[in-house]
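Novice: Submitted below is the structure of interest, expressed as structure tokens.
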Number of protein chains: 2
Amino acid sequence: MHSGAVLAIGEFSRLTHLSVRTLRRYHDAGLLEPASVDPATGYRSYSADQIPVAQVIHRLRELDVPLADVRRILRSPDPHARAGLVAEHLQRLEAELDRTRAAVASLRRLLRPEPPPLDVELRAVPATTVAAVADDVRHDEVLAWYAGAMAELDAVVDEPAGPPGGLYDNALFEEGRGRLLVYRPTDDPPRRGRVHPVTLPAVELAVTTHVGEHDDIDVSYGELGAWVVANALAVAGPVRETYLVGPRDTPEPSAWRTEIGWPVFRVAPR
Amino acid sequence: MHSGAVLAIGEFSRLTHLSVRTLRRYHDAGLLEPASVDPATGYRSYSADQIPVAQVIHRLRELDVPLADVRRILRSPDPHARAGLVAEHLQRLEAELDRTRAAVASLRRLLRPEPPPLDVELRAVPATTVAAVADDVRHDEVLAWYAGAMAELDAVVDEPAGPPGGLYDNALFEEGRGRLLVYRPTDDPPRRGRVHPVTLPAVELAVTTHVGEHDDIDVSYGELGAWVVANALAVAGPVRETYLVGPRDTPEPSAWRTEIGWPVFRVAPR
DNA sequence: CGCGACCCTCCCCCGGGGAGAGGGTGCACA
DNA sequence: TGTGCACCCTCTCCCCGGGGGAGGGTCGCG
């Protein structure tokens, strides 16, 4: 309709509740180009048609959608594809919400007085050959990757000889990405798809068992670590987790049991 | 217990899953002071006792609690007060979640095809004297302030002569804070507490009625604005909202009716 | 013509890190 | 006693999405 109406940036700002500054930024970012720009003065002119666009941007920004993604959404011509991109972000929000919930729960548990003390045991573990899937993974992809790898392992390993486990490279936590290996012990490890035999080296492990929710697991890590240094040992190599009882066994998190083993060696006492 | 164990920053990093960089930053920020610092080399030494503290910090940061607030929480000696501070942040999270939900819903409505067109009317409004509460308010406090002011008005005005309304300074949107006035028309405006008589000047108003959820109201603002410029008018002064049907009348948002009036004056056509 | 409102660009600030440069230390092994 | 290497130090710059302000041009009304 009345697309002829032309607005200075200040008027447009009043009409959209976006600050003048922000409008200029959106112009620079290629998000919301003014209908025209006076080449002599640099004055921006907006058209009344752009108000709804500005409002969509406003809503997306309220959802913390990065400017680059907002641009992608606006540029995508097909409303179908657009809805897909938006849905993607809503999913991201959902995931973030889950993270938040988990952190809140964990914080609550952490602030509760006196967690029960942890039993730590030093155990010599011989080299074993297992069926494994391994890859370089980003820290935030760990869960998804794990689920896929474990499913593939389950499909390929017929007669597991024990509970599944994983090896976590320290770089995963320190640098945000690193090697992740998930395995099932079995007598004759097959080689199919991503699954292949791997020989885990013999190590001396400081072992403890974490009970409950995985979100709290670094509390157990911390206690294990404190035990390790208190006993004049040092950490060597990737941590090993063994899933004695996990979500695959029972939906009740309080029953989950995860063995954490940290390869250690003796150091001179300081 | 074994508080004697002393850890280099790298070891401590492995034990807490906080990066070395981040640990140094937390030191600089006064969040997590190392147990000791070698004055000659600057090497930081951590004690195993500090692991639980590091974990609490980790959790709080996962909840986006600013470093300054984390510091406050850790410094507060009384676990009671501490729990209070934490609860405060959880409340903030809750509020944020509400905002997010509202934005999602609004975005959904915005992306739905073809909102019904808006009827806009030009109306001369005479000066009126009303009972009002006014203050300078930050944009994010508007809702809370409004609720309080309206309650006070209700308590003081016995015989309202029409639905309540509000005046919103443009600075509220442009600069994040500005004057907010809420009023009830009544024959003999009292002066008690924050309530006092105010004479609203006569204006010509471009008026439309927004139906439904307030979260979508700037869509109606946008359409109203487009109409205003299309009719060679310009905006003058704070917008007036009149709550014909609101949450005080019915809990059903789809029935809410809010009149938006923008003071205008005629400009030369361009 | 003058004034005030408006607009322009440019630069620095915030927070919570990531990245890397450039240099010092601690320790094991030859 | 070197020498290599992992570790540690500080420093500066970058990211995002804006806010704040400086310094200067432009518009339109009286």
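Quick note on naming: the chains in the structure tokens go A, B, ... in the order shown, residues restart at 1 in each chain, and ligands are numbered from 1 in order of appearance.
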Please check the contacts: residues of chain C at most 8 Å away from chain B, using only C-alpha atoms (C1' of nucleotides), listed as a list in words.
Specialist: DG17, DG24 and DT25 of chain C
Novice: Would you mind writing down, as number ranges by chain, each residue of range 73-186 of chain A that DSSP on the backbone assigns to alpha helix (DSSP H)?
Specialist: A: 73-75, 79-111, 142-156, 171-174
Novice: One number please: CA of Thr16 in chain A to CA of Gly222 in chain B, in Å, one decimal.
Specialist: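 Computing it gives 6.1 Å between the two atoms.
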Novice: So how many Å separate CA of Val195 in chain A and CA of Leu153 in chain A, to one decimal?
Specialist: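 Value for the CA of Val195 in chain A-CA of Leu153 in chain A distance: 6.5 Å.
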Novice: At a cut-off of 9 Å, using only C-alpha atoms (C1' of nucleotides), what residues contact Leu31 in chain B? Leave out same-chain residues fewer than 5 positions from it and give the result as a PyMOL selection string.
Specialist: chain B and resi 25-26+57+67-68+70-71+74-75
Novice: If we count only C-alpha atoms (C1' of nucleotides) and set the cut-off at 8 Å, which residues sit around range 200-210 of chain A, ignoring sequence neighbours fewer than 2 positions away in its own chain? Please answer as number ranges by chain.
Specialist: A: 118-130, 198, 212, 217, 220, 224, 228, 257-265
Novice: Could you list the residues in chain B lying within 9 Å of chain A, using only C-alpha atoms, and format the result as number ranges by chain?
Specialist: B: 2-7, 11-20, 47-49, 51-52, 55-56, 59-60, 62-63, 79, 83, 90, 93, 97, 99-100, 103-104, 106-107, 110-111, 170, 173-175, 218-219, 221-227, 229-232, 234-235, 270
Novice: With only C-alpha atoms (C1' of nucleotides) counted and 12 Å as the cut-off, give the residues of chain D in contact with chain A, each with its shortest interatomic distance in Å and the pair that gives it, as a Markdown table.
Specialist:
| residue | atom | partner | partner_atom | distance |
| --- | --- | --- | --- | --- |
| D:DC16 | C1' | A:Pro66 | CA | 8.4 |
| D:DG17 | C1' | A:Leu67 | CA | 8.5 |
| D:DG18 | C1' | A:Thr22 | CA | 7.2 |
| D:DG19 | C1' | A:Arg21 | CA | 8.8 |
| D:DG20 | C1' | A:Arg21 | CA | 10.8 |
| D:DG25 | C1' | A:Thr41 | CA | 7.8 |
| D:DT26 | C1' | A:Thr41 | CA | 7.5 |
| D:DC27 | C1' | A:Thr41 | CA | 10.9 |
Novice: Just give me the gap between C1' of DA30 in chain C and C1' of DC9 in chain D in Å, one decimal is fine.
Specialist: 28.6 Å
Novice: Could you please write out, as a PDB file with C-alpha atoms, in the first residue's frame, every residue of range 34-263 of chain B that DSSP assigns to strand (DSSP E or B)?
Specialist:
ATOM      1  CA  SER B  36      50.127 -18.540  47.299  1.00  0.00           C
ATOM      2  CA  VAL B  37      52.054 -16.748  44.582  1.00  0.00           C
ATOM      3  CA  ARG B  44      50.488 -19.370  41.188  1.00  0.00           C
ATOM      4  CA  SER B  45      49.960 -22.232  43.622  1.00  0.00           C
ATOM      5  CA  TYR B  46      46.532 -23.586  44.407  1.00  0.00           C
ATOM      6  CA  SER B  47      45.445 -25.767  47.286  1.00  0.00           C
ATOM      7  CA  GLU B 121      -9.045   7.303  13.536  1.00  0.00           C
ATOM      8  CA  LEU B 122      -8.069  10.927  14.024  1.00  0.00           C
ATOM      9  CA  ARG B 123      -9.634  12.295  17.184  1.00  0.00           C
ATOM     10  CA  ALA B 124      -9.480  15.693  18.870  1.00  0.00           C
ATOM     11  CA  VAL B 125      -9.092  15.214  22.617  1.00  0.00           C
ATOM     12  CA  THR B 128      -8.622  16.754  30.982  1.00  0.00           C
ATOM     13  CA  THR B 129      -7.619  16.725  34.589  1.00  0.00           C
ATOM     14  CA  VAL B 130      -7.011  13.247  36.008  1.00  0.00           C
ATOM     15  CA  ALA B 131      -5.603  11.564  39.080  1.00  0.00           C
ATOM     16  CA  ALA B 132      -2.090  10.459  38.183  1.00  0.00           C
ATOM     17  CA  VAL B 133       1.123   8.901  39.413  1.00  0.00           C
ATOM     18  CA  ALA B 134       4.276   9.783  37.476  1.00  0.00           C
ATOM     19  CA  ASP B 135       7.969   9.071  37.714  1.00  0.00           C
ATOM     20  CA  ASP B 136      11.177   8.556  35.811  1.00  0.00           C
ATOM     21  CA  VAL B 137      11.477   4.844  35.189  1.00  0.00           C
ATOM     22  CA  ARG B 138      13.976   2.505  33.553  1.00  0.00           C
ATOM     23  CA  PRO B 160     -13.325   6.476  38.278  1.00  0.00           C
ATOM     24  CA  GLY B 165      -4.441   4.945  30.892  1.00  0.00           C
ATOM     25  CA  GLY B 166      -0.778   5.796  30.662  1.00  0.00           C
ATOM     26  CA  LEU B 167       1.570   8.253  28.974  1.00  0.00           C
ATOM     27  CA  TYR B 168       4.887   6.934  27.721  1.00  0.00           C
ATOM     28  CA  ARG B 177      14.586   5.440  30.642  1.00  0.00           C
ATOM     29  CA  GLY B 178      12.083   8.235  30.689  1.00  0.00           C
ATOM     30  CA  ARG B 179       8.936   9.669  32.177  1.00  0.00           C
ATOM     31  CA  LEU B 180       6.037   7.359  32.752  1.00  0.00           C
ATOM     32  CA  LEU B 181       2.613   8.545  33.889  1.00  0.00           C
ATOM     33  CA  VAL B 182      -0.339   6.387  34.808  1.00  0.00           C
ATOM     34  CA  TYR B 183      -3.738   7.891  35.438  1.00  0.00           C
ATOM     35  CA  ARG B 184      -7.417   7.346  36.146  1.00  0.00           C
ATOM     36  CA  PRO B 185      -9.953   9.911  35.038  1.00  0.00           C
ATOM     37  CA  THR B 186     -12.168  11.084  37.889  1.00  0.00           C
ATOM     38  CA  ARG B 192      -2.570  11.656  48.419  1.00  0.00           C
ATOM     39  CA  VAL B 195      -1.249  10.401  43.521  1.00  0.00           C
ATOM     40  CA  HIS B 196      -1.860  13.967  42.392  1.00  0.00           C
ATOM     41  CA  PRO B 197      -3.992  15.830  39.867  1.00  0.00           C
ATOM     42  CA  VAL B 198      -2.492  16.301  36.401  1.00  0.00           C
ATOM     43  CA  THR B 199      -3.965  18.128  33.461  1.00  0.00           C
ATOM     44  CA  LEU B 200      -3.368  16.303  30.224  1.00  0.00           C
ATOM     45  CA  VAL B 203      -4.132  17.101  21.551  1.00  0.00           C
ATOM     46  CA  GLU B 204      -5.088  15.658  18.248  1.00  0.00           C
ATOM     47  CA  LEU B 205      -4.649  11.898  18.522  1.00  0.00           C
ATOM     48  CA  ALA B 206      -4.177   9.262  15.877  1.00  0.00           C
ATOM     49  CA  VAL B 207      -5.938   6.398  17.600  1.00  0.00           C
ATOM     50  CA  THR B 208      -6.141   2.684  17.013  1.00  0.00           C
ATOM     51  CA  THR B 209      -7.094  -0.258  19.177  1.00  0.00           C
ATOM     52  CA  HIS B 210      -4.695  -3.093  19.780  1.00  0.00           C
ATOM     53  CA  VAL B 211      -6.375  -6.405  20.490  1.00  0.00           C
ATOM     54  CA  LEU B 233       1.188  13.867   9.964  1.00  0.00           C
ATOM     55  CA  ALA B 234       4.054  13.889  12.430  1.00  0.00           C
ATOM     56  CA  VAL B 235       4.335  12.661  15.975  1.00  0.00           C
ATOM     57  CA  VAL B 239       2.052   8.248  23.323  1.00  0.00           C
ATOM     58  CA  ARG B 240      -1.131   7.608  25.267  1.00  0.00           C
ATOM     59  CA  GLU B 241      -2.417   4.147  25.993  1.00  0.00           C
ATOM     60  CA  THR B 242      -5.901   3.515  27.341  1.00  0.00           C
ATOM     61  CA  TYR B 243      -6.686   0.138  28.813  1.00  0.00           C
ATOM     62  CA  LEU B 244     -10.235  -0.502  27.673  1.00  0.00           C
ATOM     63  CA  VAL B 245     -10.039  -4.162  28.627  1.00  0.00           C
ATOM     64  CA  ARG B 257      -8.235  -4.117  24.145  1.00  0.00           C
ATOM     65  CA  THR B 258      -5.711  -1.334  24.374  1.00  0.00           C
ATOM     66  CA  GLU B 259      -6.250   1.999  22.707  1.00  0.00           C
ATOM     67  CA  ILE B 260      -3.062   3.574  21.434  1.00  0.00           C
ATOM     68  CA  GLY B 261      -3.115   7.265  20.708  1.00  0.00           C
ATOM     69  CA  TRP B 262      -0.262   9.189  19.178  1.00  0.00           C
ATOM     70  CA  PRO B 263      -0.407  12.967  19.395  1.00  0.00           C
TER      71      PRO B 263
END
Novice: Find the residues near DG23 in chain C: any atom within 12 Å, counting only C-alpha atoms (C1' of nucleotides), skip ones fewer than 3 places away on the same chain, and give them as a list in words.
Specialist: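 Skipping anything fewer than 3 positions along the chain leaves DC8, DC9, DT10 and DC11 of chain D.
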Novice: Tell me which protein, DNA and RNA residues are within 12 Å of DC3 in chain C, counting only C-alpha atoms (C1' of nucleotides), leaving out same-chain ones fewer than 5 positions away, and put them as a PyMOL selection string.
Specialist: chain D and resi 27-30
